[in-house]
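Novice: mmCIF, C-alpha atoms, file structure-v5.cif:
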```
data_final
loop_
_atom_site.label_atom_id
_atom_site.label_comp_id
_atom_site.auth_asym_id
_atom_site.auth_seq_id
_atom_site.Cartn_x
_atom_site.Cartn_y
_atom_site.Cartn_z
CA MET A 4 63.57 121.06 88.00
CA LYS A 5 66.92 122.84 88.12
CA ARG A 6 65.18 126.03 87.09
CA ILE A 7 62.71 125.72 89.96
CA ILE A 8 65.52 125.08 92.47
CA ILE A 9 67.48 128.10 91.21
CA MET A 10 64.35 130.27 91.49
CA LEU A 11 63.75 129.02 95.02
CA LEU A 12 67.36 129.69 96.02
CA SER A 13 67.20 133.15 94.47
CA GLY A 14 64.01 133.86 96.41
CA LEU A 15 65.62 132.71 99.64
CA MET A 16 68.66 134.92 99.01
CA ILE A 17 66.44 137.95 98.43
CA LEU A 18 64.44 137.25 101.60
CA THR A 19 67.66 136.79 103.54
CA MET A 20 69.01 140.09 102.25
CA LEU A 21 65.77 141.87 103.09
CA SER A 22 65.58 140.35 106.55
CA GLY A 23 69.24 141.27 107.06
CA CYS A 24 68.50 144.89 106.25
CA THR A 25 65.55 144.90 108.62
CA SER A 26 67.67 143.40 111.41
CA LYS A 27 70.29 146.10 111.02
CA GLU A 28 67.63 148.79 111.33
CA GLU A 29 66.19 147.07 114.39
CA ILE A 30 69.64 146.75 115.96
CA LYS A 31 70.38 150.37 115.25
CA GLU A 32 67.06 151.39 116.82
CA LYS A 33 67.68 149.24 119.89
CA THR A 34 71.29 150.23 120.46
CA ALA A 35 71.02 153.99 119.88
CA THR A 36 70.71 156.01 123.07
CA PRO A 37 67.13 157.34 123.50
CA GLU A 38 66.69 160.97 122.57
CA ASP A 39 65.61 162.04 126.07
CA LEU A 40 69.00 160.95 127.48
CA ILE A 41 71.05 162.85 124.90
CA GLY A 42 72.61 166.07 126.22
CA ASN A 43 75.10 167.45 128.72
CA TYR A 44 75.52 166.44 132.37
CA TYR A 45 77.77 167.72 135.20
CA ASP A 46 79.30 165.79 138.10
CA THR A 47 78.12 166.17 141.68
CA ILE A 48 81.53 166.10 143.39
CA ALA A 49 83.14 169.32 142.24
CA GLY A 50 81.06 170.33 139.22
CA ARG A 51 84.17 170.28 136.99
CA ALA A 52 83.33 167.26 134.82
CA MET A 53 81.05 167.58 131.80
CA LEU A 54 79.52 164.44 130.29
CA THR A 55 78.08 164.67 126.78
CA ILE A 56 75.80 161.90 125.51
CA GLU A 57 75.12 161.38 121.80
CA GLU A 58 73.34 158.49 120.02
CA HIS A 59 76.32 156.14 119.91
CA LYS A 60 79.01 158.12 121.69
CA ILE A 61 79.79 159.58 125.11
CA THR A 62 82.60 161.98 125.99
CA ILE A 63 83.66 163.25 129.42
CA ASP A 64 85.93 166.25 129.95
CA TRP A 65 87.14 166.44 133.54
CA SER A 66 89.30 169.46 134.38
CA SER A 67 91.95 169.16 137.07
CA SER A 68 93.08 172.76 136.47
CA ALA A 69 92.67 175.58 133.97
CA ALA A 70 95.52 174.12 131.91
CA GLU A 71 94.87 170.38 132.18
CA LYS A 72 91.97 168.00 131.77
CA ALA A 73 91.19 164.33 131.30
CA HIS A 74 89.28 163.56 128.10
CA TYR A 75 87.32 160.29 127.89
CA GLU A 76 85.74 158.87 124.72
CA PHE A 77 83.35 155.90 124.60
CA ASP A 78 81.61 154.23 121.65
CA THR A 79 78.37 153.07 123.23
CA GLU A 80 75.35 150.82 122.86
CA TYR A 81 72.03 151.17 124.67
CA ASN A 82 70.41 148.16 126.32
CA SER A 83 66.65 148.78 126.42
CA GLU A 84 66.08 145.96 128.93
CA THR A 85 68.55 147.17 131.56
CA LYS A 86 68.28 150.83 130.46
CA GLN A 87 72.07 151.01 130.55
CA ILE A 88 74.52 152.55 128.09
CA THR A 89 77.47 150.16 127.81
CA TYR A 90 80.95 150.59 126.37
CA GLU A 91 84.21 148.76 125.67
CA ASN A 92 87.56 150.01 124.35
CA GLY A 93 87.02 153.32 126.14
CA LYS A 94 89.83 155.86 125.72
CA LEU A 95 91.39 158.27 128.20
CA VAL A 96 93.61 161.08 126.93
CA ASN A 97 95.30 163.67 129.15
CA GLN A 98 95.22 167.11 127.56
CA VAL A 99 97.57 169.94 128.59
CA PHE A 100 97.03 173.47 127.26
CA ALA A 101 99.93 175.93 126.91
CA SER A 102 99.65 179.70 127.29
CA ASP A 103 99.96 180.11 123.50
CA GLY A 104 96.82 178.02 122.96
CA SER A 105 98.59 174.86 121.82
CA LYS A 106 97.52 171.49 123.17
CA THR A 107 99.52 168.37 124.05
CA GLU A 108 97.71 165.03 124.27
CA THR A 109 98.94 161.84 125.93
CA GLU A 110 96.94 158.63 125.63
CA VAL A 111 96.63 156.89 129.01
CA TYR A 112 94.66 153.82 127.92
CA ALA A 113 92.30 152.55 125.23
CA ASP A 114 90.80 149.46 126.87
CA GLY A 115 88.27 150.92 129.27
CA SER A 116 84.91 149.25 129.89
CA GLY A 117 81.83 149.93 131.94
CA TYR A 118 78.35 151.37 131.70
CA PHE A 119 76.13 154.37 132.43
CA ALA A 120 72.91 153.70 134.33
CA THR A 121 69.94 156.03 134.32
CA GLU A 122 68.62 157.25 137.66
CA GLY A 123 65.60 159.38 136.86
CA TYR A 124 66.98 162.26 134.81
CA ASN A 125 70.45 161.64 136.25
CA MET A 126 73.21 159.35 135.02
CA VAL A 127 75.55 157.19 137.14
CA TRP A 128 78.89 156.27 135.56
CA HIS A 129 80.22 152.82 136.53
CA ASP A 130 83.76 152.46 135.18
CA ASN A 131 85.59 149.13 135.45
CA LYS A 132 89.03 150.41 134.41
CA GLU A 133 89.38 153.01 137.17
CA ASN A 134 86.88 151.40 139.56
CA ARG A 135 84.83 154.57 139.87
CA LYS A 136 81.18 155.41 140.39
CA VAL A 137 80.17 159.02 139.69
CA LEU A 138 76.74 160.67 139.64
CA PHE A 139 76.03 163.18 136.86
CA ILE A 140 73.02 165.52 136.72
CA LYS A 141 71.52 166.63 133.42
CA GLU A 142 71.97 170.28 132.48
CA GLY A 143 69.37 172.40 130.68
CA GLY A 144 66.10 171.24 129.13
CA GLU A 145 62.63 171.13 130.63
CA GLY A 146 60.72 169.39 133.40
CA ASN A 147 63.09 167.85 135.93
CA PHE A 148 66.17 168.85 133.90
CA ILE A 149 68.02 171.57 135.80
CA PRO A 150 70.96 173.86 135.00
CA ASN A 151 74.21 173.57 136.91
CA PRO A 152 73.24 175.22 140.23
CA TRP A 153 76.76 175.87 141.56
CA THR A 154 78.26 179.33 141.91
CA TYR A 155 82.09 179.37 141.97
CA THR A 156 83.81 182.13 143.90
CA GLU A 157 86.80 182.93 146.10
CA ASP A 158 84.69 185.33 148.17
CA LEU A 159 83.38 183.72 151.38
CA GLU A 160 80.62 186.32 151.84
CA GLU A 161 79.33 185.69 148.31
CA ALA A 162 79.34 181.95 148.97
CA ARG A 163 77.46 182.47 152.24
CA ASN A 164 74.89 184.71 150.54
CA VAL A 165 74.28 182.25 147.69
CA SER A 166 73.97 179.25 150.01
CA GLY A 167 72.28 180.89 152.97
CA VAL A 168 74.62 178.84 155.17
CA GLU A 169 76.80 180.34 157.89
CA PHE A 170 80.06 178.63 157.12
CA ASP A 171 83.42 179.16 158.80
CA PRO A 172 86.07 177.27 156.81
CA PRO A 173 88.83 175.46 158.71
CA ILE A 174 91.49 177.85 159.94
CA PRO A 175 94.80 177.39 158.04
CA GLU A 176 96.55 175.96 161.12
CA CYS A 177 94.07 173.05 161.15
CA LEU A 178 94.48 172.03 157.50
CA PRO A 179 96.48 168.89 156.63
CA ASP A 180 100.06 169.70 155.61
CA GLY A 181 100.44 171.23 152.16
CA TYR A 182 96.79 171.97 151.44
CA LYS A 183 95.99 175.41 150.06
CA PHE A 184 92.59 177.02 149.51
CA THR A 185 91.41 177.21 145.85
CA GLY A 186 87.81 178.44 146.04
CA TYR A 187 84.21 177.95 147.10
CA MET A 188 81.21 176.29 145.47
CA ALA A 189 77.77 177.38 146.65
CA GLU A 190 74.15 176.62 145.93
CA LYS A 191 71.03 177.14 148.02
CA GLY A 192 71.47 175.25 151.28
CA THR A 193 75.02 174.02 150.62
CA ILE A 194 78.53 175.48 150.58
CA ARG A 195 81.86 173.81 149.79
CA ALA A 196 85.44 174.91 150.38
CA MET A 197 88.06 173.36 148.07
CA TYR A 198 91.74 172.76 148.77
CA GLU A 199 94.68 171.20 146.90
CA ASN A 200 98.17 170.05 147.86
CA GLY A 201 99.58 169.26 144.40
CA VAL A 202 98.55 165.60 144.61
CA SER A 203 95.08 165.50 146.16
CA GLU A 204 91.97 167.66 146.25
CA MET A 205 90.01 168.04 149.48
CA ILE A 206 86.43 169.34 149.60
CA VAL A 207 84.87 170.41 152.92
CA SER A 208 81.08 170.74 152.64
CA LYS A 209 78.38 172.08 154.93
CA SER A 210 74.63 171.95 154.30
CA SER A 211 71.31 172.58 155.99
CA LEU A 212 69.55 170.42 153.36
CA LEU A 213 71.81 167.53 152.36
CA SER A 214 73.69 164.89 154.32
CA GLY A 215 75.86 161.80 153.86
CA VAL A 216 76.73 160.65 150.35
CA GLU A 217 74.33 163.16 148.83
CA LEU A 218 76.22 166.01 150.47
CA SER A 219 79.67 164.73 149.49
CA GLY A 220 78.61 163.93 145.91
CA ASP A 221 80.96 160.94 146.08
CA TYR A 222 79.09 157.73 145.20
CA HIS A 223 82.19 155.56 145.01
CA GLU A 224 82.07 152.30 146.97
CA TYR A 225 85.08 152.23 149.29
CA SER A 226 86.53 149.02 150.69
CA LYS A 227 86.20 150.05 154.35
CA HIS A 228 83.59 151.86 156.43
CA TRP A 229 84.18 152.58 160.10
CA GLU A 230 82.84 154.92 162.79
CA ASP A 231 84.26 156.88 165.69
CA SER A 232 83.56 160.01 167.69
CA HIS A 233 85.63 163.06 168.57
CA LYS A 234 84.62 165.37 171.42
CA GLY A 235 81.02 164.23 171.12
CA VAL A 236 80.90 164.40 167.29
CA HIS A 237 79.94 161.09 165.68
CA ILE A 238 81.90 160.48 162.46
CA ASP A 239 81.27 158.02 159.60
CA MET A 240 84.46 157.34 157.61
CA TYR A 241 85.19 155.60 154.30
CA GLY A 242 88.50 154.66 152.68
CA ASP A 243 91.09 151.91 152.91
CA GLY A 244 90.85 151.59 156.68
CA GLU A 245 93.87 153.80 157.34
CA THR A 246 93.39 156.89 155.20
CA ILE A 247 90.00 158.58 154.86
CA ASN A 248 88.57 159.52 151.47
CA MET A 249 85.10 160.46 152.67
CA ALA A 250 83.66 161.36 156.07
CA PHE A 251 80.30 162.64 157.39
CA PHE A 252 79.42 164.30 160.66
CA SER A 253 76.62 166.55 161.93
CA ASN A 254 75.56 168.91 164.68
CA THR A 255 71.97 169.41 165.73
CA VAL A 256 71.20 171.70 162.76
CA GLU A 257 73.70 171.23 159.94
CA ASN A 258 75.61 168.46 158.21
CA PHE A 259 79.24 168.27 157.13
CA ALA A 260 81.21 166.14 154.68
CA VAL A 261 84.89 165.87 153.81
CA THR A 262 85.89 164.31 150.48
CA VAL A 263 89.51 163.67 149.43
CA LEU A 264 90.49 162.44 145.97
CA ASN A 265 93.34 162.40 143.53
CA GLN A 266 93.84 165.90 142.10
CA ASN A 267 93.21 164.44 138.62
CA ILE A 268 89.68 163.78 139.97
CA GLU A 269 90.27 160.05 140.13
CA ILE A 270 88.57 158.45 143.11
CA GLU A 271 91.28 156.23 144.55
CA GLU A 272 91.91 154.97 148.03
CA GLY A 273 95.23 155.99 149.55
CA TYR A 274 94.85 159.68 148.63
CA GLY A 275 92.93 160.41 151.80
CA ILE A 276 93.75 162.07 155.11
CA THR A 277 94.42 160.52 158.51
CA TYR A 278 91.99 160.39 161.42
CA ASP A 279 94.06 162.97 163.33
CA GLU A 280 93.98 165.32 160.33
CA LEU A 281 90.20 164.90 160.08
CA CYS A 282 89.78 165.69 163.79
CA SER A 283 91.94 168.77 163.31
CA LEU A 284 89.63 169.92 160.48
CA ILE A 285 86.58 169.39 162.63
CA MET A 286 88.04 171.41 165.50
CA GLY A 287 89.17 174.09 163.04
CA MET A 288 85.54 174.77 162.08
CA GLN A 289 84.24 175.02 165.68
#
```
Just give me the structure of the file as structure tokens.
Specialist:
Amino acid sequence: MKRIIIMLLSGLMILTMLSGCTSKEEIKEKTATPEDLIGNYYDTIAGRAMLTIEEHKITIDWSSSAAEKAHYEFDTEYNSETKQITYENGKLVNQVFASDGSKTETEVYADGSGYFATEGYNMVWHDNKENRKVLFIKEGGEGNFIPNPWTYTEDLEEARNVSGVEFDPPIPECLPDGYKFTGYMAEKGTIRAMYENGVSEMIVSKSSLLSGVELSGDYHEYSKHWEDSHKGVHIDMYGDGETINMAFFSNTVENFAVTVLNQNIEIEEGYGITYDELCSLIMGMQ
């Protein structure tokens, strides 16, 4: 009898071990990011963030200048039911590059959490730690996968030719205090002028094809939304109710957007411009 019991227990142990191995394989198959999502993506705000998706890992490198960037690392799991890539214990490291090629790294945090949600062939990053929502578009590949369409230049005529948009950037006298021009981004139908003041980055966009959030590229959900008009121009504004981080306005043919964010490319309220400064920008493009 003892022998039979021992044999039965041994059989159960073997079955348990086998089923355990099978479960691990199933878990691995379920949690690994699908192959068609693996690859590189770029952000839609300024085109300076590159997201790289691997089976169980995601990294984001977001440049704030030629010498400095934010480096994010996430160990991820894929949820086949929600089609989301989730993460906990996400890390952010600031990287500064010296002229001799050396690199200094400073860890900012290691307790980030959030998820990436698929939107067609695009990816939307929902981060809980920094309360951000950013749209990324896949680069390269076939079908609906497209390369980064933006051309970067400091030449206004080149930007106009690439975009096909007649754009007159705000005259310097109409810029908010401290902002200096850094360059243009252009693709067919859309042109953007970029400015920095050492703390914030401001992007003024004009398009014959895009409007609203799609034109700004800023999908963050701000706490306040309000409307007003200036000299017959209707303006939609988003921010904290006092400073403006995102604004849209249009004429009869073309659409405009103004986006203001932390120069480290963090989307935070309080880094915006005032209503008077926005009106000055609008008049400076007339």
Novice: Can you tell me which residues surround Asn265 of chain A at a distance of at most 10 Å, considering all atoms listed in the file, apart from same-chain residues fewer than 4 positions away, and format the answer as a PyMOL selection string?
Specialist: chain A and resi 67+199+201-205+248+269-275
Novice: Got a sec: who's within 12 Å of Glu161 of chain A, counting all atoms listed in the file, leaving out chain neighbours fewer than 6 positions off, as a PDB file with C-alpha atoms, keeping the file's coordinate frame?
Specialist:
```pdb
ATOM      1  CA  THR A 154      78.260 179.330 141.910  1.00  0.00           C
ATOM      2  CA  TYR A 155      82.090 179.370 141.970  1.00  0.00           C
ATOM      3  CA  GLY A 167      72.280 180.890 152.970  1.00  0.00           C
ATOM      4  CA  VAL A 168      74.620 178.840 155.170  1.00  0.00           C
ATOM      5  CA  GLU A 169      76.800 180.340 157.890  1.00  0.00           C
ATOM      6  CA  PHE A 170      80.060 178.630 157.120  1.00  0.00           C
ATOM      7  CA  GLY A 186      87.810 178.440 146.040  1.00  0.00           C
ATOM      8  CA  TYR A 187      84.210 177.950 147.100  1.00  0.00           C
ATOM      9  CA  MET A 188      81.210 176.290 145.470  1.00  0.00           C
ATOM     10  CA  ALA A 189      77.770 177.380 146.650  1.00  0.00           C
ATOM     11  CA  GLU A 190      74.150 176.620 145.930  1.00  0.00           C
ATOM     12  CA  LYS A 191      71.030 177.140 148.020  1.00  0.00           C
ATOM     13  CA  ILE A 194      78.530 175.480 150.580  1.00  0.00           C
TER      14      ILE A 194
END
```
Novice: Give me the residues near segment 103-116 of chain A as a PDB file with C-alpha atoms, in the frame of the given file, where near means some atom within 7 Å (using all atoms listed in the file) and where sequence neighbours in that chain fewer than 6 positions away do not count.
Specialist:
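Dumped everything to part.pdb:
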```pdb
ATOM      1  CA  TYR A  90      80.950 150.590 126.370  1.00  0.00           C
ATOM      2  CA  GLU A  91      84.210 148.760 125.670  1.00  0.00           C
ATOM      3  CA  ASN A  92      87.560 150.010 124.350  1.00  0.00           C
ATOM      4  CA  GLY A  93      87.020 153.320 126.140  1.00  0.00           C
ATOM      5  CA  LYS A  94      89.830 155.860 125.720  1.00  0.00           C
ATOM      6  CA  LEU A  95      91.390 158.270 128.200  1.00  0.00           C
ATOM      7  CA  VAL A  96      93.610 161.080 126.930  1.00  0.00           C
ATOM      8  CA  ASN A  97      95.300 163.670 129.150  1.00  0.00           C
ATOM      9  CA  ASP A 130      83.760 152.460 135.180  1.00  0.00           C
ATOM     10  CA  ASN A 131      85.590 149.130 135.450  1.00  0.00           C
ATOM     11  CA  LYS A 132      89.030 150.410 134.410  1.00  0.00           C
TER      12      LYS A 132
END
```
Novice: Measuring atom to atom with only C-alpha atoms, identify which of A:Val236, A:Val207, A:Ala35, A:Leu212 is nearest to Ile48 of chain A.
Specialist: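 Residue with the minimum atom-to-atom distance to Ile48 of chain A: A:Val207.
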Novice: With all atoms listed in the file as the atoms that count, which of A:Trp153, A:Trp128, A:Tyr75, A:Tyr81 lies nearest to Ala49 of chain A?
Specialist: A:Trp153
Novice: Need the shell around Tyr198 of chain A: protein/DNA/RNA residues with any atom at most 7 Å away, counting only C-alpha atoms. Skip same-chain ones fewer than 5 positions apart. Format as a VMD selection string?
Specialist: chain A and resid 182 to 185 204 to 206
Novice: Find, counting all atoms listed in the file, the residue in A:Tyr124, A:Leu264, A:His223, A:Ile285 that gets nearest to Gly235 of chain A.
Specialist: A:Ile285
